[in-house]
>>> print(open('query-v1.txt').read())   # compact mmCIF, N, CA and C atoms
# COMPACT_ATOMS: atom_id res chain seq x y z
N MET A 9 -2.06 -7.45 0.02
CA MET A 9 -3.32 -8.14 -0.06
C MET A 9 -4.36 -7.22 -0.71
N ARG A 10 -5.21 -7.79 -1.53
CA ARG A 10 -6.29 -7.03 -2.17
C ARG A 10 -7.30 -6.57 -1.14
N ILE A 11 -7.87 -5.40 -1.36
CA ILE A 11 -8.82 -4.85 -0.39
C ILE A 11 -10.10 -5.67 -0.30
N ASP A 12 -10.58 -6.22 -1.40
CA ASP A 12 -11.80 -7.02 -1.33
C ASP A 12 -11.57 -8.29 -0.50
N ARG A 13 -10.42 -8.87 -0.64
CA ARG A 13 -10.07 -10.06 0.13
C ARG A 13 -9.91 -9.72 1.61
N LEU A 14 -9.28 -8.58 1.90
CA LEU A 14 -9.09 -8.16 3.28
C LEU A 14 -10.42 -7.92 3.98
N LEU A 15 -11.35 -7.24 3.32
CA LEU A 15 -12.66 -6.96 3.93
C LEU A 15 -13.39 -8.26 4.26
N CYS A 16 -13.24 -9.25 3.43
CA CYS A 16 -13.86 -10.56 3.67
C CYS A 16 -13.15 -11.28 4.81
N PHE A 17 -11.83 -11.30 4.81
CA PHE A 17 -11.06 -11.97 5.86
C PHE A 17 -11.28 -11.33 7.22
N LEU A 18 -11.45 -10.00 7.27
CA LEU A 18 -11.69 -9.30 8.54
C LEU A 18 -13.15 -9.33 8.95
N ARG A 19 -13.98 -9.97 8.14
CA ARG A 19 -15.39 -10.22 8.45
C ARG A 19 -16.24 -8.96 8.48
N PHE A 20 -15.86 -7.94 7.69
CA PHE A 20 -16.70 -6.76 7.54
C PHE A 20 -17.81 -7.04 6.54
N VAL A 21 -17.56 -7.95 5.60
CA VAL A 21 -18.57 -8.42 4.64
C VAL A 21 -18.51 -9.94 4.60
N ARG A 22 -19.58 -10.55 4.10
CA ARG A 22 -19.62 -12.01 4.07
C ARG A 22 -18.86 -12.59 2.89
N THR A 23 -18.88 -11.90 1.74
CA THR A 23 -18.25 -12.44 0.53
C THR A 23 -17.40 -11.38 -0.15
N ARG A 24 -16.50 -11.83 -1.00
CA ARG A 24 -15.67 -10.89 -1.77
C ARG A 24 -16.52 -10.12 -2.77
N SER A 25 -17.58 -10.73 -3.28
CA SER A 25 -18.44 -10.01 -4.22
C SER A 25 -19.17 -8.87 -3.52
N ALA A 26 -19.55 -9.06 -2.26
CA ALA A 26 -20.17 -7.97 -1.49
C ALA A 26 -19.17 -6.85 -1.26
N ALA A 27 -17.91 -7.22 -1.02
CA ALA A 27 -16.86 -6.21 -0.84
C ALA A 27 -16.65 -5.44 -2.15
N ARG A 28 -16.62 -6.15 -3.28
CA ARG A 28 -16.44 -5.49 -4.58
C ARG A 28 -17.57 -4.51 -4.85
N LYS A 29 -18.78 -4.87 -4.46
CA LYS A 29 -19.93 -3.99 -4.67
C LYS A 29 -19.75 -2.69 -3.87
N LEU A 30 -19.35 -2.79 -2.61
CA LEU A 30 -19.10 -1.58 -1.80
C LEU A 30 -18.02 -0.70 -2.42
N ILE A 31 -16.97 -1.35 -2.92
CA ILE A 31 -15.86 -0.62 -3.52
C ILE A 31 -16.29 0.06 -4.81
N GLU A 32 -17.00 -0.66 -5.68
CA GLU A 32 -17.43 -0.09 -6.96
C GLU A 32 -18.41 1.06 -6.78
N GLU A 33 -19.19 1.02 -5.69
CA GLU A 33 -20.12 2.11 -5.41
C GLU A 33 -19.42 3.31 -4.78
N GLY A 34 -18.12 3.17 -4.47
CA GLY A 34 -17.34 4.28 -3.96
C GLY A 34 -17.49 4.55 -2.48
N HIS A 35 -17.85 3.53 -1.70
CA HIS A 35 -18.09 3.73 -0.28
C HIS A 35 -16.86 3.54 0.60
N ILE A 36 -15.81 2.94 0.09
CA ILE A 36 -14.63 2.61 0.90
C ILE A 36 -13.52 3.63 0.65
N ARG A 37 -12.85 4.03 1.74
CA ARG A 37 -11.70 4.93 1.64
C ARG A 37 -10.50 4.29 2.31
N ARG A 38 -9.35 4.49 1.71
CA ARG A 38 -8.07 4.02 2.26
C ARG A 38 -7.19 5.24 2.48
N ASN A 39 -6.82 5.49 3.72
CA ASN A 39 -6.01 6.66 4.08
C ASN A 39 -6.64 7.95 3.57
N GLY A 40 -7.97 8.03 3.64
CA GLY A 40 -8.69 9.23 3.24
C GLY A 40 -8.96 9.35 1.75
N GLU A 41 -8.47 8.43 0.95
CA GLU A 41 -8.63 8.46 -0.51
C GLU A 41 -9.61 7.38 -0.93
N ARG A 42 -10.57 7.74 -1.78
CA ARG A 42 -11.58 6.78 -2.24
C ARG A 42 -10.93 5.65 -3.03
N VAL A 43 -11.32 4.43 -2.71
CA VAL A 43 -10.81 3.25 -3.41
C VAL A 43 -11.70 2.99 -4.61
N ARG A 44 -11.11 2.89 -5.78
CA ARG A 44 -11.87 2.71 -7.02
C ARG A 44 -11.83 1.28 -7.55
N ARG A 45 -10.81 0.49 -7.13
CA ARG A 45 -10.64 -0.87 -7.67
C ARG A 45 -10.55 -1.89 -6.54
N ALA A 46 -11.19 -3.03 -6.73
CA ALA A 46 -11.15 -4.09 -5.73
C ALA A 46 -9.77 -4.71 -5.63
N SER A 47 -8.93 -4.52 -6.62
CA SER A 47 -7.60 -5.10 -6.62
C SER A 47 -6.58 -4.21 -5.91
N ARG A 48 -7.02 -3.11 -5.34
CA ARG A 48 -6.12 -2.18 -4.65
C ARG A 48 -5.42 -2.89 -3.49
N ASP A 49 -4.11 -2.75 -3.40
CA ASP A 49 -3.36 -3.40 -2.33
C ASP A 49 -3.49 -2.64 -1.02
N ILE A 50 -3.55 -3.40 0.06
CA ILE A 50 -3.65 -2.86 1.41
C ILE A 50 -2.46 -3.39 2.19
N ALA A 51 -1.90 -2.54 3.05
CA ALA A 51 -0.77 -2.95 3.88
C ALA A 51 -1.07 -2.63 5.33
N ALA A 52 -0.31 -3.23 6.22
CA ALA A 52 -0.45 -2.93 7.64
C ALA A 52 -0.16 -1.45 7.85
N GLY A 53 -0.96 -0.80 8.68
CA GLY A 53 -0.80 0.62 8.94
C GLY A 53 -1.79 1.49 8.17
N ASP A 54 -2.45 0.93 7.16
CA ASP A 54 -3.45 1.68 6.40
C ASP A 54 -4.69 1.90 7.26
N VAL A 55 -5.33 3.05 7.07
CA VAL A 55 -6.57 3.37 7.77
C VAL A 55 -7.72 3.29 6.77
N LEU A 56 -8.74 2.51 7.11
CA LEU A 56 -9.89 2.31 6.23
C LEU A 56 -11.13 2.96 6.82
N THR A 57 -11.92 3.60 5.96
CA THR A 57 -13.21 4.16 6.34
C THR A 57 -14.27 3.27 5.70
N LEU A 58 -15.11 2.65 6.53
CA LEU A 58 -16.05 1.65 6.06
C LEU A 58 -17.47 1.95 6.52
N PRO A 59 -18.44 1.98 5.59
CA PRO A 59 -19.84 2.12 6.01
C PRO A 59 -20.41 0.74 6.33
N ILE A 60 -20.52 0.44 7.59
CA ILE A 60 -21.00 -0.87 8.02
C ILE A 60 -22.30 -0.67 8.80
N GLY A 61 -23.36 -1.32 8.35
CA GLY A 61 -24.65 -1.15 9.00
C GLY A 61 -25.14 0.27 8.81
N GLY A 62 -25.55 0.91 9.88
CA GLY A 62 -26.04 2.28 9.81
C GLY A 62 -25.01 3.30 10.23
N SER A 63 -23.75 2.89 10.36
CA SER A 63 -22.72 3.82 10.82
C SER A 63 -21.47 3.70 9.97
N VAL A 64 -20.54 4.60 10.22
CA VAL A 64 -19.25 4.59 9.52
C VAL A 64 -18.18 4.21 10.53
N ARG A 65 -17.37 3.22 10.17
CA ARG A 65 -16.30 2.76 11.07
C ARG A 65 -14.95 3.14 10.50
N LEU A 66 -14.07 3.58 11.37
CA LEU A 66 -12.71 3.94 11.01
C LEU A 66 -11.80 2.92 11.68
N VAL A 67 -11.07 2.14 10.88
CA VAL A 67 -10.21 1.09 11.43
C VAL A 67 -8.81 1.19 10.85
N GLU A 68 -7.83 0.85 11.66
CA GLU A 68 -6.44 0.78 11.22
C GLU A 68 -6.07 -0.69 11.10
N VAL A 69 -5.50 -1.07 9.98
CA VAL A 69 -5.08 -2.45 9.77
C VAL A 69 -3.76 -2.65 10.52
N VAL A 70 -3.76 -3.52 11.52
CA VAL A 70 -2.57 -3.77 12.32
C VAL A 70 -1.69 -4.82 11.66
N THR A 71 -2.32 -5.90 11.21
CA THR A 71 -1.61 -6.97 10.53
C THR A 71 -2.55 -7.59 9.50
N LEU A 72 -1.99 -8.18 8.47
CA LEU A 72 -2.80 -8.81 7.43
C LEU A 72 -3.12 -10.25 7.82
N PRO A 73 -4.39 -10.62 7.79
CA PRO A 73 -4.77 -12.00 8.15
C PRO A 73 -4.37 -12.99 7.07
N GLU A 74 -4.13 -14.22 7.48
CA GLU A 74 -3.76 -15.27 6.53
C GLU A 74 -4.98 -16.00 5.98
N ARG A 75 -6.11 -15.89 6.71
CA ARG A 75 -7.31 -16.62 6.30
C ARG A 75 -8.53 -15.92 6.90
N ARG A 76 -9.71 -16.37 6.49
CA ARG A 76 -10.95 -15.90 7.10
C ARG A 76 -11.24 -16.83 8.27
N GLY A 77 -10.79 -16.42 9.42
CA GLY A 77 -10.93 -17.25 10.61
C GLY A 77 -12.11 -16.80 11.44
N PRO A 78 -12.12 -17.22 12.69
CA PRO A 78 -13.19 -16.82 13.60
C PRO A 78 -13.15 -15.32 13.89
N PRO A 79 -14.27 -14.74 14.33
CA PRO A 79 -14.33 -13.30 14.57
C PRO A 79 -13.23 -12.79 15.51
N ARG A 80 -12.92 -13.53 16.54
CA ARG A 80 -11.89 -13.10 17.49
C ARG A 80 -10.53 -12.94 16.80
N GLU A 81 -10.21 -13.89 15.94
CA GLU A 81 -8.95 -13.84 15.20
C GLU A 81 -8.94 -12.64 14.24
N ALA A 82 -10.06 -12.36 13.62
CA ALA A 82 -10.16 -11.23 12.69
C ALA A 82 -10.01 -9.91 13.43
N GLN A 83 -10.60 -9.79 14.61
CA GLN A 83 -10.54 -8.54 15.38
C GLN A 83 -9.13 -8.23 15.85
N GLU A 84 -8.28 -9.21 15.96
CA GLU A 84 -6.89 -8.99 16.37
C GLU A 84 -6.07 -8.36 15.25
N CYS A 85 -6.60 -8.35 14.03
CA CYS A 85 -5.86 -7.83 12.88
C CYS A 85 -6.12 -6.35 12.61
N TYR A 86 -7.07 -5.75 13.33
CA TYR A 86 -7.34 -4.33 13.14
C TYR A 86 -7.64 -3.64 14.46
N ARG A 87 -7.57 -2.31 14.44
CA ARG A 87 -7.82 -1.51 15.64
C ARG A 87 -8.85 -0.47 15.28
N GLU A 88 -9.89 -0.37 16.09
CA GLU A 88 -10.93 0.66 15.88
C GLU A 88 -10.37 2.03 16.25
N LEU A 89 -10.64 3.02 15.42
CA LEU A 89 -10.24 4.39 15.70
C LEU A 89 -11.49 5.21 15.98
N ASP A 90 -11.41 6.13 16.89
CA ASP A 90 -12.54 6.99 17.22
C ASP A 90 -12.50 8.20 16.29
N PRO A 91 -13.50 8.39 15.41
CA PRO A 91 -13.47 9.51 14.48
C PRO A 91 -13.51 10.87 15.17
N GLY A 92 -14.01 10.92 16.41
CA GLY A 92 -14.09 12.20 17.13
C GLY A 92 -12.78 12.58 17.80
N ALA A 93 -11.84 11.64 17.89
CA ALA A 93 -10.58 11.91 18.59
C ALA A 93 -9.58 12.63 17.74
>>> encode(input="query-v1.txt", output="structure tokens")
Amino acid sequence: MRIDRLLCFLRFVRTRSAARKLIEEGHIRRNGERVRRASRDIAAGDVLTLPIGGSVRLVEVVTLPERRGPPREAQECYRELDPGA
């Protein structure tokens, strides 16, 4: 699945264009490596570093969502990681 689509489906951003903007500005990392293209593929087990709001979130993709569903459904597809751990 493309990273821009995943960010939208997991409800970290409202639209794919907002996700593309974050990616093009170089704010997103996948497994510690900066993502340069919105078409970059993401798989289950990848760790994403995301600047959301005023903080940075570290999440592991547990499973790929099939659609942009309700927030509860989206939260089941990823696991929050504690950056201090």
>>> atom_distance(input="query-v1.txt", atom1="atom N of Pro73 (chain A)", atom2="atom C of Leu30 (chain A)")
19.7 Å
>>> residues_around(input="query-v1.txt", residues="His35 (chain A)", least_positions_apart="4", cutoff="6 Å", atoms="all atoms listed in the file", output="number ranges by chain")
A: 30-31, 57-59
>>> select_by_dssp(input="query-v1.txt", residues="region 17-63 of chain A", states="alpha helix (DSSP H)", output="PyMOL selection string")
chain A and resi 17+24-32
>>> closest_residue(input="query-v1.txt", among="A:Ile11, A:Val70, A:Ala26, A:Ile60", to="Arg44 (chain A)", atoms="only C-alpha atoms")
A:Ile11
>>> closest_residue(input="query-v1.txt", among="A:Arg76, A:Arg87, A:Arg19, A:Arg10", to="Ser47 (chain A)", atoms="all atoms listed in the file")
A:Arg10
>>> atom_distance(input="query-v1.txt", atom1="atom C of Glu81 (chain A)", atom2="CA of Phe17 (chain A)")
8.7 Å
>>> select_by_dssp(input="query-v1.txt", residues="chain A", states="strand (DSSP E or B)", output="PyMOL selection string")
chain A and resi 10+37-38+41-42+49+55-60+63-69+86-89
